[in-house]
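Enquirer: Structure: query-v4.csv, CSV, C-alpha atoms.
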```
chain,number,residue,atom,x,y,z
A,154,MET,CA,0.0,0.0,0.0
A,155,ASN,CA,2.9,2.4,0.9
A,156,ASN,CA,4.5,1.7,-2.5
A,157,PHE,CA,1.1,2.4,-4.2
A,158,LYS,CA,0.8,5.7,-2.4
A,159,LEU,CA,4.4,6.7,-3.4
A,160,ILE,CA,3.8,5.9,-7.0
A,161,THR,CA,0.5,7.8,-7.0
A,162,SER,CA,2.2,10.8,-5.4
A,163,VAL,CA,5.0,10.8,-8.0
A,164,LEU,CA,2.6,10.6,-10.9
A,165,LEU,CA,0.4,13.4,-9.4
A,166,LEU,CA,3.5,15.6,-9.0
A,167,GLY,CA,4.5,14.9,-12.6
A,168,PHE,CA,1.1,15.9,-13.8
A,169,ILE,CA,1.2,19.1,-11.8
A,170,VAL,CA,4.6,20.1,-13.1
A,171,GLY,CA,3.5,19.3,-16.6
A,172,CYS,CA,0.6,21.7,-16.2
A,173,VAL,CA,2.7,24.6,-15.1
A,174,PRO,CA,3.1,27.2,-17.9
A,175,PRO,CA,6.6,27.0,-19.5
A,176,GLN,CA,7.1,30.7,-19.3
A,177,GLY,CA,6.7,33.2,-16.5
A,178,PRO,CA,7.8,36.8,-15.7
A,179,GLY,CA,11.5,37.1,-15.4
A,180,ILE,CA,12.3,33.9,-17.1
A,181,ASN,CA,14.1,33.8,-20.4
A,182,ASP,CA,11.8,32.7,-23.2
A,183,GLY,CA,14.3,30.0,-24.4
A,184,SER,CA,15.0,31.4,-27.8
A,185,GLY,CA,18.6,32.1,-27.0
A,186,VAL,CA,18.4,35.3,-29.0
A,187,ARG,CA,17.7,37.9,-26.3
A,188,GLU,CA,17.3,37.9,-22.6
A,189,ASP,CA,13.8,38.3,-21.2
A,190,GLU,CA,14.3,41.9,-19.9
A,191,GLU,CA,15.6,42.9,-23.3
A,192,TYR,CA,12.2,42.2,-24.8
A,193,ASP,CA,10.5,44.3,-22.2
A,194,ARG,CA,12.9,47.2,-22.7
A,195,ARG,CA,12.5,47.1,-26.4
A,196,LYS,CA,8.7,47.5,-26.0
A,197,ASP,CA,9.1,50.4,-23.5
A,198,ASP,CA,11.5,52.2,-25.8
A,199,ASP,CA,9.5,51.8,-29.0
A,200,ASP,CA,7.9,55.3,-29.7
A,201,ASN,CA,5.6,54.2,-32.5
A,202,ARG,CA,4.3,50.9,-31.0
A,203,GLY,CA,0.9,52.4,-30.0
A,204,SER,CA,0.4,54.0,-33.4
A,205,VAL,CA,1.1,50.7,-35.2
A,206,PHE,CA,-1.6,49.0,-33.1
A,207,ASP,CA,-4.1,51.8,-33.6
A,208,ARG,CA,-3.6,51.9,-37.3
A,209,SER,CA,-4.1,48.2,-37.6
A,210,ARG,CA,-7.1,48.3,-35.3
A,211,SER,CA,-8.8,50.7,-37.6
A,212,ARG,CA,-8.4,48.2,-40.4
A,213,ARG,CA,-9.4,45.1,-38.5
A,214,SER,CA,-11.9,46.4,-36.0
A,215,GLY,CA,-14.2,44.4,-33.8
A,216,ASN,CA,-14.3,42.9,-30.3
A,217,ILE,CA,-11.2,43.1,-28.1
A,218,CYS,CA,-9.9,39.6,-27.3
A,219,GLU,CA,-9.4,40.2,-23.6
A,220,ASP,CA,-13.2,41.0,-23.3
A,221,GLU,CA,-14.1,37.6,-24.8
A,222,ASP,CA,-14.7,34.4,-22.8
A,223,ARG,CA,-11.7,32.7,-21.4
A,224,ASP,CA,-12.0,29.8,-23.8
A,225,HIS,CA,-12.2,32.0,-26.9
A,226,GLU,CA,-9.8,30.9,-29.7
A,227,CYS,CA,-8.2,34.3,-29.8
A,228,LYS,CA,-6.7,33.7,-26.4
A,229,GLU,CA,-5.4,30.3,-27.4
A,230,GLN,CA,-3.9,31.8,-30.5
A,231,CYS,CA,-2.1,34.5,-28.5
A,232,LYS,CA,-0.8,31.7,-26.2
A,233,GLU,CA,0.6,29.7,-29.2
A,234,MET,CA,2.2,32.7,-30.8
A,235,TYR,CA,3.8,34.3,-27.7
A,236,ARG,CA,5.4,32.2,-24.9
A,237,ARG,CA,6.0,35.1,-22.6
A,238,ILE,CA,3.0,36.0,-20.4
A,239,GLY,CA,3.4,39.8,-20.8
A,240,ASP,CA,3.5,39.4,-24.6
A,241,ARG,CA,0.3,37.3,-24.5
A,242,ASP,CA,-1.4,40.0,-22.4
A,243,ASP,CA,-0.4,42.6,-25.1
A,244,CYS,CA,-1.7,40.3,-27.8
A,245,GLU,CA,-5.1,39.9,-26.1
A,246,GLU,CA,-5.5,43.7,-26.2
A,247,LEU,CA,-5.9,43.4,-29.9
A,248,THR,CA,-9.1,42.7,-31.7
A,249,VAL,CA,-10.2,39.2,-32.5
A,250,ALA,CA,-9.9,40.1,-36.2
A,251,GLN,CA,-6.3,41.3,-35.7
A,252,ILE,CA,-5.3,38.2,-33.8
A,253,GLY,CA,-6.8,35.9,-36.4
A,254,VAL,CA,-4.7,37.5,-39.2
A,255,LEU,CA,-1.6,37.4,-37.0
A,256,PHE,CA,-2.1,33.7,-36.3
A,257,GLU,CA,-2.3,32.9,-40.0
A,258,LEU,CA,0.9,35.0,-40.5
A,259,TRP,CA,2.6,33.1,-37.7
A,260,GLU,CA,1.7,29.8,-39.3
A,261,PHE,CA,3.3,31.0,-42.5
A,262,LEU,CA,6.4,31.9,-40.6
A,263,LYS,CA,6.7,28.7,-38.7
A,264,GLU,CA,7.8,27.0,-41.9
A,265,PRO,CA,8.7,29.7,-44.4
A,266,ASP,CA,7.8,28.8,-48.0
A,267,GLU,CA,7.9,30.8,-51.2
A,268,ASP,CA,4.2,30.0,-51.8
A,269,ASP,CA,3.0,31.3,-48.5
A,270,LEU,CA,5.2,34.3,-47.6
A,271,PRO,CA,3.9,36.6,-50.3
A,272,HIS,CA,0.5,36.4,-48.6
A,273,ILE,CA,1.9,38.2,-45.5
A,274,ASP,CA,0.7,41.8,-45.3
A,275,ALA,CA,3.5,44.3,-44.3
A,276,GLU,CA,1.2,46.1,-41.8
A,277,ASP,CA,0.2,42.8,-40.1
A,278,PHE,CA,3.9,41.9,-40.0
A,279,ASP,CA,4.6,45.2,-38.2
A,280,VAL,CA,1.9,44.4,-35.6
A,281,TYR,CA,3.3,40.9,-35.1
A,282,LEU,CA,6.8,42.2,-34.3
A,283,ASN,CA,5.5,45.1,-32.2
A,284,VAL,CA,3.6,42.8,-29.9
A,285,SER,CA,7.0,41.2,-29.4
A,286,ILE,CA,9.9,40.1,-31.7
A,287,SER,CA,10.3,37.2,-29.2
A,288,SER,CA,7.8,35.1,-31.2
A,289,LEU,CA,9.9,35.4,-34.4
A,290,ASP,CA,13.1,34.7,-32.4
A,291,ASN,CA,11.5,31.4,-31.3
A,292,LEU,CA,10.6,30.5,-34.8
A,293,VAL,CA,14.1,31.3,-36.1
A,294,ASP,CA,15.5,28.8,-33.6
A,295,ASP,CA,13.5,26.0,-35.3
A,296,TRP,CA,14.1,27.0,-39.0
A,297,ASN,CA,16.1,24.6,-41.1
A,298,ASN,CA,18.5,25.8,-43.8
A,299,ARG,CA,15.9,25.9,-46.5
A,300,GLU,CA,13.4,27.8,-44.5
A,301,THR,CA,16.0,30.3,-43.5
A,302,LYS,CA,16.8,30.9,-47.2
A,303,GLU,CA,13.1,31.2,-48.1
A,304,PHE,CA,12.6,33.9,-45.5
A,305,LEU,CA,15.8,35.9,-46.5
A,306,TYR,CA,14.9,35.8,-50.2
A,307,TRP,CA,11.4,37.0,-49.5
A,308,MET,CA,12.5,39.8,-47.1
A,309,ILE,CA,15.3,41.1,-49.4
A,310,ASN,CA,12.8,41.4,-52.3
A,311,ASN,CA,10.1,43.1,-50.2
A,312,GLU,CA,11.3,46.5,-49.2
A,313,ASN,CA,8.4,47.2,-46.8
A,314,ILE,CA,9.0,43.9,-44.9
A,315,ALA,CA,12.8,44.6,-44.8
A,316,LYS,CA,12.2,48.1,-43.4
A,317,ILE,CA,9.9,46.8,-40.6
A,318,PHE,CA,12.3,44.0,-39.8
A,319,GLU,CA,15.3,46.3,-39.6
A,320,LYS,CA,13.5,48.8,-37.3
A,321,GLU,CA,12.4,46.1,-34.9
A,322,ASP,CA,15.8,44.3,-34.9
A,323,ASN,CA,17.9,47.4,-34.7
A,324,ASP,CA,20.4,45.6,-32.5
A,325,TYR,CA,20.9,42.9,-35.2
A,326,LYS,CA,20.3,40.0,-32.9
A,327,THR,CA,17.5,38.3,-34.8
A,328,PHE,CA,19.3,38.9,-38.1
A,329,THR,CA,22.5,37.4,-36.7
A,330,ALA,CA,20.5,34.4,-35.5
A,331,ILE,CA,19.1,34.0,-39.0
A,332,LEU,CA,22.6,34.3,-40.6
A,333,LYS,CA,23.9,31.7,-38.2
A,334,ASN,CA,21.2,29.3,-39.6
A,335,LEU,CA,23.1,29.7,-42.9
A,336,ASN,CA,26.6,29.5,-41.5
A,337,GLY,CA,26.8,28.8,-37.8
A,338,ASN,CA,30.5,29.2,-37.6
A,339,PHE,CA,31.0,32.8,-38.6
A,340,GLY,CA,32.2,35.5,-36.2
A,341,SER,CA,33.3,39.1,-36.2
A,342,SER,CA,36.5,38.3,-38.2
A,343,THR,CA,34.6,36.1,-40.7
A,344,ILE,CA,31.4,38.2,-41.0
A,345,TYR,CA,31.6,38.0,-44.8
A,346,GLU,CA,30.9,34.3,-44.8
A,347,PRO,CA,27.1,34.2,-44.6
A,348,PHE,CA,26.9,36.8,-47.4
A,349,LEU,CA,28.6,34.3,-49.7
A,350,GLN,CA,26.1,31.5,-48.8
A,351,LYS,CA,23.8,30.5,-51.6
A,352,ILE,CA,20.1,31.2,-51.3
A,353,GLU,CA,18.0,30.2,-54.3
A,354,ARG,CA,20.4,30.2,-57.2
A,355,ASP,CA,22.6,33.1,-56.1
A,356,LYS,CA,24.6,34.0,-53.0
A,357,LEU,CA,23.1,36.2,-50.3
A,358,MET,CA,24.9,39.4,-51.4
A,359,GLU,CA,24.1,38.7,-55.0
A,360,VAL,CA,20.4,38.4,-54.2
A,361,ALA,CA,20.6,41.7,-52.4
A,362,ILE,CA,22.4,43.4,-55.3
A,363,ASP,CA,20.0,42.0,-57.8
A,364,SER,CA,17.0,43.1,-55.9
A,365,GLY,CA,17.6,46.8,-56.7
A,366,ASN,CA,16.7,47.5,-53.1
A,367,GLU,CA,19.0,50.4,-51.9
A,368,MET,CA,17.6,50.1,-48.4
A,369,VAL,CA,18.7,46.4,-48.1
A,370,ILE,CA,22.2,47.2,-49.4
A,371,GLU,CA,22.6,50.0,-46.9
A,372,TRP,CA,21.3,47.8,-44.1
A,373,PHE,CA,23.7,44.9,-44.9
A,374,MET,CA,26.6,47.4,-45.0
A,375,ASP,CA,25.5,48.9,-41.7
A,376,TYR,CA,25.4,45.5,-40.2
A,377,ILE,CA,28.9,44.6,-41.5
A,378,ASN,CA,30.4,47.9,-40.3
A,379,ASP,CA,28.7,47.8,-36.9
A,380,GLU,CA,29.4,44.2,-36.1
A,381,ASN,CA,32.9,43.9,-37.6
A,382,SER,CA,35.4,44.4,-34.8
A,383,ASP,CA,37.9,45.8,-37.4
A,384,CYS,CA,35.5,48.7,-38.3
A,385,LYS,CA,36.0,51.7,-36.2
A,386,ASP,CA,34.5,55.2,-36.2
A,387,GLU,CA,34.8,56.1,-39.9
A,388,ASP,CA,34.8,52.6,-41.3
A,389,VAL,CA,37.6,53.5,-43.8
A,390,SER,CA,40.5,51.4,-42.5
A,391,LYS,CA,42.2,48.7,-44.5
A,392,ASP,CA,41.1,46.0,-42.1
A,393,CYS,CA,37.5,47.1,-42.2
A,394,PHE,CA,37.3,47.3,-46.0
A,395,GLU,CA,38.9,43.8,-46.3
A,396,VAL,CA,35.5,42.3,-45.6
A,397,TYR,CA,34.1,44.0,-48.7
A,398,CYS,CA,37.0,42.7,-50.7
A,399,LYS,CA,36.3,39.2,-49.6
A,400,ILE,CA,32.7,39.5,-50.5
A,401,GLY,CA,33.6,41.2,-53.9
A,402,LYS,CA,36.0,38.4,-54.7
A,403,GLY,CA,33.4,35.7,-53.7
A,404,ILE,CA,30.5,36.9,-55.9
A,405,ASP,CA,30.0,36.8,-59.6
A,406,GLU,CA,31.7,39.5,-61.6
A,407,ASP,CA,28.5,41.0,-62.9
A,408,PHE,CA,27.1,41.4,-59.4
A,409,MET,CA,30.4,42.8,-58.2
A,410,GLU,CA,30.1,45.5,-60.9
A,411,GLN,CA,26.4,46.1,-60.2
A,412,TRP,CA,27.2,46.8,-56.6
A,413,LEU,CA,28.8,50.1,-57.7
A,414,ASP,CA,25.4,51.3,-58.9
A,415,TYR,CA,24.3,51.7,-55.3
A,416,PRO,CA,25.0,55.3,-54.0
A,417,VAL,CA,25.6,54.0,-50.5
A,418,PHE,CA,28.5,51.8,-51.8
A,419,GLU,CA,29.7,54.5,-54.1
A,420,ASP,CA,29.9,56.9,-51.1
A,421,HIS,CA,31.7,54.3,-49.0
A,422,ILE,CA,34.3,53.7,-51.7
A,423,ASP,CA,34.7,57.5,-52.3
A,424,ASP,CA,35.4,57.9,-48.6
A,425,ILE,CA,38.0,55.2,-48.8
A,426,ILE,CA,39.8,56.9,-51.7
A,427,GLN,CA,39.5,60.4,-50.4
A,428,ASN,CA,41.0,59.4,-47.0
A,429,GLY,CA,43.7,57.5,-48.9
A,430,VAL,CA,44.6,60.6,-50.9
A,431,ASN,CA,44.5,62.8,-47.9
A,432,ALA,CA,46.8,60.4,-46.0
A,433,THR,CA,49.3,60.5,-48.8
A,434,ASN,CA,49.0,64.2,-49.2
A,435,PRO,CA,48.3,65.7,-45.7
A,436,GLY,CA,47.7,69.1,-47.2
A,437,ALA,CA,44.7,68.0,-49.2
A,438,ALA,CA,41.3,68.8,-47.7
A,439,GLY,CA,42.8,69.0,-44.3
A,440,GLY,CA,44.1,65.4,-44.5
A,441,ASP,CA,45.9,63.7,-41.7
A,442,ALA,CA,49.1,61.8,-42.3
A,443,THR,CA,48.2,59.4,-39.5
A,444,ASN,CA,45.2,58.1,-41.3
A,445,ASP,CA,44.5,54.4,-40.8
A,446,ILE,CA,44.8,53.6,-44.5
A,447,ASN,CA,48.3,55.0,-44.9
A,448,SER,CA,49.6,53.8,-41.5
A,449,SER,CA,48.4,50.3,-42.2
A,450,GLY,CA,50.3,50.1,-45.5
A,451,TRP,CA,47.2,49.9,-47.8
A,452,THR,CA,48.1,51.0,-51.3
A,453,PHE,CA,45.8,51.3,-54.3
A,454,GLY,CA,46.0,53.0,-57.6
A,455,ASP,CA,47.0,52.4,-61.2
A,456,ASP,CA,50.1,52.9,-63.3
A,457,ASP,CA,49.5,56.6,-63.3
A,458,GLY,CA,49.4,57.0,-59.6
A,459,GLU,CA,46.8,57.3,-56.8
A,460,PHE,CA,43.1,57.4,-57.5
A,461,GLU,CA,41.6,60.7,-56.5
A,462,ASN,CA,37.9,59.9,-56.4
A,463,PHE,CA,35.3,57.2,-57.2
A,464,GLY,CA,35.2,58.2,-60.9
A,465,ASP,CA,38.8,57.0,-61.3
A,466,ILE,CA,38.2,53.3,-60.5
A,467,SER,CA,37.1,50.8,-63.1
A,468,ASP,CA,34.1,48.5,-62.9
A,469,ASP,CA,36.5,45.9,-61.5
A,470,TRP,CA,36.8,47.7,-58.1
A,471,VAL,CA,38.1,44.6,-56.5
A,472,THR,CA,41.3,44.6,-58.6
A,473,ASP,CA,41.7,48.3,-58.1
A,474,LEU,CA,41.2,48.5,-54.4
A,475,CYS,CA,41.8,44.9,-53.1
A,476,HIS,CA,45.0,43.8,-54.7
A,477,ASP,CA,46.7,43.5,-51.4
A,478,LEU,CA,43.7,42.6,-49.3
A,479,GLY,CA,41.5,39.5,-48.7
```
Starting from the coordinates I provided, produce the structure as C-alpha cells.

Expert:
Amino acid sequence: MNNFKLITSVLLLGFIVGCVPPQGPGINDGSGVREDEEYDRRKDDDDNRGSVFDRSRSRRSGNICEDEDRDHECKEQCKEMYRRIGDRDDCEELTVAQIGVLFELWEFLKEPDEDDLPHIDAEDFDVYLNVSISSLDNLVDDWNNRETKEFLYWMINNENIAKIFEKEDNDYKTFTAILKNLNGNFGSSTIYEPFLQKIERDKLMEVAIDSGNEMVIEWFMDYINDENSDCKDEDVSKDCFEVYCKIGKGIDEDFMEQWLDYPVFEDHIDDIIQNGVNATNPGAAGGDATNDINSSGWTFGDDDGEFENFGDISDDWVTDLCHDLG
C-alpha cells in the first residue's frame, strides 16, 4: 500500500509540473536570441508601437480579445504565438480580427515557404513584431537551412518587410541568428561568410544586389560595419574594407560591378579613396598623415598613380582596391 501511495504521489507531482506554464515573468523565453528583460525594454523604448496597433485596429476592427470568454480561440492563438505572459497580455489587447490575421501570419512563418510568404501583409507583420519580436526569435531557432533561405529571399525582395524588420531588430540580434542558420561558424572576423552562402540560385549578397533595393544594401553594409570588430568610427580602414574585398571576390563579376550602382556603396568607396589621398597628401582637404589607410600600408591606384575619387576606379573595383587585401 505504501508503494502504491508513493507511485501515485510521483505521478500526481509529474502531472502538476507538466501543467505549469513553460514561461513566466523574469524567465528567459528560451529562444537564445535575447534575454527576457531585453524584450520588455524594447517595447518600452518603441515610440511608435501604439500607433502601429491603432492603425491596424482601424483596419481590423471588432471585439477586443481580452473581453471575450476565457476559452475563446483568440486567447489560445495568443498563447501559441507568444510564450511570454506579458506578450500574451499585449496580444489579447488586440481585436479578435487582428489576432486571427496574426495567427495565420505566424503559421506561414513557422515553416517559411515561397508560396505562403507573399500572402503576408506588411502592416500585419509590423503588428506581429511590435507585440514582441520574441515570437519570431523562437521560430528562427527552429528553422532549417531551406526555411531560412526562403525567409531571407522574401525579405530582401520586399522593401516594406525589410524596413519593418530592420527597425524592430535594430540591435541585429535576430538577423544574426538568421545568418547563423546559414553558417553557424561565422564570427566578427569572418562576418563576410554568410553573405557568400547560396540562397535560391545566387549568393546572399548577389540576391541583395540583384533586388535593386537600396535600403537592403545599406542595411547589410551597416550590419557589416557595426558588427565587424575591425571597423571603427569612420569605417575606412584597411582591415574594415577587407570584408568588402572578400565579398567582392566571392561573388559573380556581374554582381560585383552592379554593386557600384548603389549610391551608398559609391559613397563608401569614395570615402576610402579620399581618405587614402588625404593620408598620402596631408595638405589635401585637411588630410591627416596618421590616417589608418596610410599607416596600415594599404596602397591602391593604377600605373598613373593614386586614385583621386570614385570616378577613377574601373568596374573591377576589387582589382583596383583589393589587390593587397583579402

Enquirer: Need the shell around Glu410 (chain A): protein/DNA/RNA residues with any atom at most 12 Å away, counting all atoms listed in the file. Skip same-chain ones fewer than 6 positions apart. Format as a PyMOL selection string?

Expert: chain A and resi 359+362-363+401-402+404+418-419+466-472

Enquirer: Between A:Leu292, A:Ile238, A:Ala361, A:Met368, which residue has the minimum interatomic distance to Lys263 (chain A), considering all atoms listed in the file?

Expert: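 That would be A:Leu292, the residue with the smallest distance to Lys263 (chain A).
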
Enquirer: Leaving out Pro271 (chain A) and any residue of its chain fewer than 6 positions from it, which residues lie within 10 Å of it when counting all atoms listed in the file, given as a list in words?

Expert: Phe261, Trp307, Met308 and Asn311 of chain A

Enquirer: Quick one, how far is CA of Arg202 (chain A) from CA of Asn283 (chain A)?

Expert: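 Going from CA of Arg202 (chain A) over to CA of Asn283 (chain A) covers 6.0 Å.
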
Enquirer: Got a sec to check which residues sit within 10 Å of (13.5, 36.6, -48.9), counting all atoms listed in the file, and write them as a ChimeraX atom specification?

Expert: /A:265-267,270-271,300-311,314-315,352-353,357,360-361

Enquirer: Can you list, as an NGL selection string, every protein, DNA or RNA residue that comes within 7 Å of Ile331 (chain A) when you count only C-alpha atoms, leaving out same-chain residues fewer than 3 positions away?

Expert: :A and (293 or 301 or 327-328 or 334)

Enquirer: So how many Å separate CA of Glu191 (chain A) and CA of Lys385 (chain A), to one decimal?

Expert: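 Taking CA of Glu191 (chain A) as the start and CA of Lys385 (chain A) as the end point, the length is 25.7 Å.
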
Enquirer: To one decimal in Å, tell me the separation between CA of Tyr415 (chain A) and CA of Glu367 (chain A).

Expert: 6.4 Å

Enquirer: Which one of A:Pro347, A:Arg241, A:Cys231, A:Tyr376 sits closest to Asp322 (chain A) if you count only C-alpha atoms?

Expert: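 Once distances to Asp322 (chain A) are computed over only C-alpha atoms, the minimum belongs to A:Tyr376.
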
Enquirer: List the neighbours of Asp294 (chain A) out to 9 Å using all atoms listed in the file; skip same-chain residues closer than 2 positions along the sequence, and give me the result as a VMD selection string.

Expert: chain A and resid 184 to 186 289 to 292 296 to 297 330 to 331 334

Enquirer: Taking only C-alpha atoms into account, name the residue in A:Glu229, A:Glu246, A:Asp240, A:Asp269 that is nearest to Ile217 (chain A).

Expert: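 Of A:Glu229, A:Glu246, A:Asp240, A:Asp269, the one nearest Ile217 (chain A) is A:Glu246, counting only C-alpha atoms.
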
Enquirer: What would region 287-313 of chain A look like if you wrote it out as an mmCIF file, in the first residue's frame, with N, CA and C atoms included, from the block I just posted?

Expert:
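Listing of out_17.cif after writing:
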```
data_model
loop_
_atom_site.group_PDB
_atom_site.id
_atom_site.type_symbol
_atom_site.label_atom_id
_atom_site.label_comp_id
_atom_site.auth_asym_id
_atom_site.auth_seq_id
_atom_site.Cartn_x
_atom_site.Cartn_y
_atom_site.Cartn_z
ATOM 1 N N SER A 287 9.952 38.463 -29.840
ATOM 2 C CA SER A 287 10.299 37.176 -29.231
ATOM 3 C C SER A 287 9.666 36.007 -29.976
ATOM 4 N N SER A 288 8.458 36.213 -30.524
ATOM 5 C CA SER A 288 7.790 35.134 -31.245
ATOM 6 C C SER A 288 8.592 34.722 -32.468
ATOM 7 N N LEU A 289 9.070 35.709 -33.233
ATOM 8 C CA LEU A 289 9.892 35.394 -34.406
ATOM 9 C C LEU A 289 11.208 34.764 -33.987
ATOM 10 N N ASP A 290 11.796 35.246 -32.901
ATOM 11 C CA ASP A 290 13.054 34.666 -32.418
ATOM 12 C C ASP A 290 12.900 33.172 -32.133
ATOM 13 N N ASN A 291 11.774 32.801 -31.545
ATOM 14 C CA ASN A 291 11.536 31.392 -31.262
ATOM 15 C C ASN A 291 11.382 30.572 -32.535
ATOM 16 N N LEU A 292 10.760 31.158 -33.549
ATOM 17 C CA LEU A 292 10.600 30.453 -34.821
ATOM 18 C C LEU A 292 11.954 30.287 -35.512
ATOM 19 N N VAL A 293 12.762 31.353 -35.485
ATOM 20 C CA VAL A 293 14.083 31.302 -36.129
ATOM 21 C C VAL A 293 14.901 30.149 -35.571
ATOM 22 N N ASP A 294 14.792 29.909 -34.274
ATOM 23 C CA ASP A 294 15.520 28.810 -33.636
ATOM 24 C C ASP A 294 15.195 27.457 -34.264
ATOM 25 N N ASP A 295 13.973 27.330 -34.806
ATOM 26 C CA ASP A 295 13.522 26.044 -35.326
ATOM 27 C C ASP A 295 13.624 25.932 -36.841
ATOM 28 N N TRP A 296 13.974 27.026 -37.522
ATOM 29 C CA TRP A 296 14.063 26.964 -38.979
ATOM 30 C C TRP A 296 15.240 26.094 -39.419
ATOM 31 N N ASN A 297 15.023 25.338 -40.481
ATOM 32 C CA ASN A 297 16.139 24.633 -41.092
ATOM 33 C C ASN A 297 16.779 25.537 -42.141
ATOM 34 N N ASN A 298 17.788 25.033 -42.811
ATOM 35 C CA ASN A 298 18.534 25.847 -43.766
ATOM 36 C C ASN A 298 17.653 26.342 -44.902
ATOM 37 N N ARG A 299 16.798 25.464 -45.431
ATOM 38 C CA ARG A 299 15.922 25.852 -46.548
ATOM 39 C C ARG A 299 14.943 26.938 -46.124
ATOM 40 N N GLU A 300 14.347 26.784 -44.958
ATOM 41 C CA GLU A 300 13.367 27.757 -44.479
ATOM 42 C C GLU A 300 14.018 29.122 -44.239
ATOM 43 N N THR A 301 15.239 29.101 -43.732
ATOM 44 C CA THR A 301 15.978 30.347 -43.525
ATOM 45 C C THR A 301 16.207 31.064 -44.848
ATOM 46 N N LYS A 302 16.584 30.313 -45.865
ATOM 47 C CA LYS A 302 16.828 30.906 -47.181
ATOM 48 C C LYS A 302 15.546 31.471 -47.786
ATOM 49 N N GLU A 303 14.439 30.766 -47.596
ATOM 50 C CA GLU A 303 13.150 31.233 -48.110
ATOM 51 C C GLU A 303 12.790 32.575 -47.473
ATOM 52 N N PHE A 304 12.965 32.691 -46.161
ATOM 53 C CA PHE A 304 12.634 33.929 -45.462
ATOM 54 C C PHE A 304 13.528 35.079 -45.934
ATOM 55 N N LEU A 305 14.830 34.835 -46.034
ATOM 56 C CA LEU A 305 15.758 35.876 -46.460
ATOM 57 C C LEU A 305 15.442 36.365 -47.866
ATOM 58 N N TYR A 306 15.188 35.445 -48.769
ATOM 59 C CA TYR A 306 14.905 35.813 -50.156
ATOM 60 C C TYR A 306 13.645 36.672 -50.222
ATOM 61 N N TRP A 307 12.622 36.270 -49.487
ATOM 62 C CA TRP A 307 11.362 37.024 -49.453
ATOM 63 C C TRP A 307 11.579 38.414 -48.874
ATOM 64 N N MET A 308 12.306 38.509 -47.782
ATOM 65 C CA MET A 308 12.507 39.790 -47.122
ATOM 66 C C MET A 308 13.336 40.737 -47.986
ATOM 67 N N ILE A 309 14.394 40.231 -48.592
ATOM 68 C CA ILE A 309 15.256 41.066 -49.425
ATOM 69 C C ILE A 309 14.473 41.672 -50.581
ATOM 70 N N ASN A 310 13.552 40.914 -51.125
ATOM 71 C CA ASN A 310 12.792 41.364 -52.291
ATOM 72 C C ASN A 310 11.465 42.023 -51.934
ATOM 73 N N ASN A 311 11.280 42.358 -50.662
ATOM 74 C CA ASN A 311 10.088 43.057 -50.212
ATOM 75 C C ASN A 311 10.536 44.211 -49.320
ATOM 76 N N GLU A 312 10.663 45.388 -49.896
ATOM 77 C CA GLU A 312 11.265 46.516 -49.183
ATOM 78 C C GLU A 312 10.503 46.878 -47.914
ATOM 79 N N ASN A 313 9.174 46.843 -47.954
ATOM 80 C CA ASN A 313 8.394 47.206 -46.763
ATOM 81 C C ASN A 313 8.653 46.231 -45.618
#
```
